[in-house]
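A.B. asks: Just dropping this structure here.
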Amino acid sequence: MPNCPKCGNKESLPTRTFSVIVEPTKGERGMTERRVGMYTCSNCGMKFPTVISKQRYLIVAEDQLKTIQDELSSVKKGNEDLSARVKGMADQQRDLESSVERAAKANEVRRLQTKLSELEDFVQYLRKEKGELEQKVSKLR
């Protein structure tokens with residue numbers, strides 16, 4: 001919101017707006033479009049202009065424009081290729097993660113099967129010991 005140059009009051013809405021195209025000064029390239037708003041101070045009634053926005057435009061030769069457009073087209077194509085590669089890599093990552101998860105589960109199953117086998121062997125040993133102890137007890141009675 002611009003301030004009135006006379007009294008300093010802030011104004012929110014311009015009474016009218018228009019565009020002005022400014023030619024470049026020596027050493028500058030391109031042209032500048034300025035959107036100017038005309039404000040009227042609600043306090044003192046002074047009318048004053050303020051630049052609302054600026055837009056710079058460069059004038060480019062046709063062959064340069066064609067070169068820039070070709071480069072932009074090749075960059076877009078490269079971007080599409082990279083996007084496809086990233087998508088493919090994401091798919092590969094998901095596949096690898098699932099295979100790692102399957103391998104971890106398979107490893108856990110093997111570990112548990114080994115533990116089960118050891119426990120079964122131990123239970124069999126205990127049963128054998130129990131049988132021998134029962135025979136000794138029956139002989140003593």
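Identifiers for the structure tokens are assigned positionally: chains receive A, B, ... in sequence, residues are indexed from 1 per chain, and ligands are indexed from 1 in the order shown.
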Any idea what's packed within 7 Å of Ser12 of chain A, counting only C-alpha atoms, ignoring anything in its chain fewer than 2 positions away? Could you give it as a PyMOL selection string?
C.D. replies: chain A and resi 1+10+14
A.B. asks: Write out the residues from the selection above, keeping N, CA and C atoms, as an mmCIF file, in the first residue's frame.
C.D. replies:
```cif
data_model
loop_
_atom_site.group_PDB
_atom_site.id
_atom_site.type_symbol
_atom_site.label_atom_id
_atom_site.label_comp_id
_atom_site.auth_asym_id
_atom_site.auth_seq_id
_atom_site.Cartn_x
_atom_site.Cartn_y
_atom_site.Cartn_z
ATOM 1 N N MET A 1 0.842 -1.168 0.000
ATOM 2 C CA MET A 1 0.000 0.000 0.000
ATOM 3 C C MET A 1 0.894 1.241 0.000
ATOM 4 N N LYS A 10 -1.936 6.103 4.171
ATOM 5 C CA LYS A 10 -1.854 4.902 3.334
ATOM 6 C C LYS A 10 -3.141 4.739 2.544
ATOM 7 N N PRO A 14 -6.191 1.907 -5.991
ATOM 8 C CA PRO A 14 -5.956 2.987 -6.945
ATOM 9 C C PRO A 14 -7.277 3.419 -7.595
#
```
A.B. asks: Please report, as a compact mmCIF listing (two decimals) with C-alpha atoms, in the first residue's frame, each residue of chain A to which DSSP assigns strand (DSSP E or B) when run on this structure's backbone.
C.D. replies:
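The resulting file, selection_32.txt, is shown below:
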```txt
# COMPACT_ATOMS: atom_id res chain seq x y z
CA ASN A 3 1.72 6.35 1.17
CA LYS A 10 -1.85 4.90 3.33
CA ARG A 16 -7.24 3.80 -12.04
CA THR A 17 -4.40 1.71 -13.43
CA PHE A 18 -2.57 1.64 -16.74
CA SER A 19 0.52 0.12 -18.33
CA VAL A 20 3.56 2.04 -19.51
CA ILE A 21 6.29 0.47 -21.65
CA VAL A 22 9.70 2.00 -21.00
CA MET A 31 12.06 -3.25 -22.42
CA THR A 32 10.17 -2.83 -19.16
CA GLU A 33 6.40 -2.76 -18.75
CA ARG A 34 5.29 -0.93 -15.64
CA ARG A 35 1.80 -1.12 -14.20
CA VAL A 36 1.07 2.28 -12.70
CA GLY A 37 -1.74 3.05 -10.30
CA MET A 38 -3.13 6.52 -9.80
CA TYR A 39 -4.15 7.10 -6.20
CA THR A 40 -6.17 9.89 -4.61
CA LYS A 47 -3.39 12.66 -6.61
CA PHE A 48 -0.16 10.69 -7.00
CA PRO A 49 1.11 7.81 -9.17
CA THR A 50 2.79 4.65 -7.89
CA VAL A 51 4.36 1.75 -9.78
CA ILE A 52 2.39 -1.40 -8.88
CA SER A 53 4.49 -3.95 -10.77
CA LYS A 54 7.27 -4.28 -13.32
CA GLN A 55 7.79 -6.85 -16.05
CA ARG A 56 10.94 -7.05 -18.16
CA TYR A 57 10.87 -8.20 -21.78
```
A.B. asks: Counting only C-alpha atoms, which of A:Leu126, A:Ile59, A:Leu82, A:Val100 gets nearest to Glu28 of chain A?
C.D. replies: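 Of A:Leu126, A:Ile59, A:Leu82, A:Val100, the one nearest Glu28 of chain A is A:Ile59, counting only C-alpha atoms.
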A.B. asks: What gap, in Å, lies between atom CA of Met46 of chain A and atom CA of Asn9 of chain A?
C.D. replies: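 Pair atom CA of Met46 of chain A / atom CA of Asn9 of chain A returns 10.5 Å.
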A.B. asks: Can you list, as a PyMOL selection string, all residues belonging to chain A that DSSP tags as alpha helix (DSSP H)?
C.D. replies: chain A and resi 62-140
A.B. asks: State, in Å with one decimal place, the distance from atom CA of Ser74 of chain A to atom CA of Leu58 of chain A.
C.D. replies: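 Interatomic distance here is 22.2 Å.
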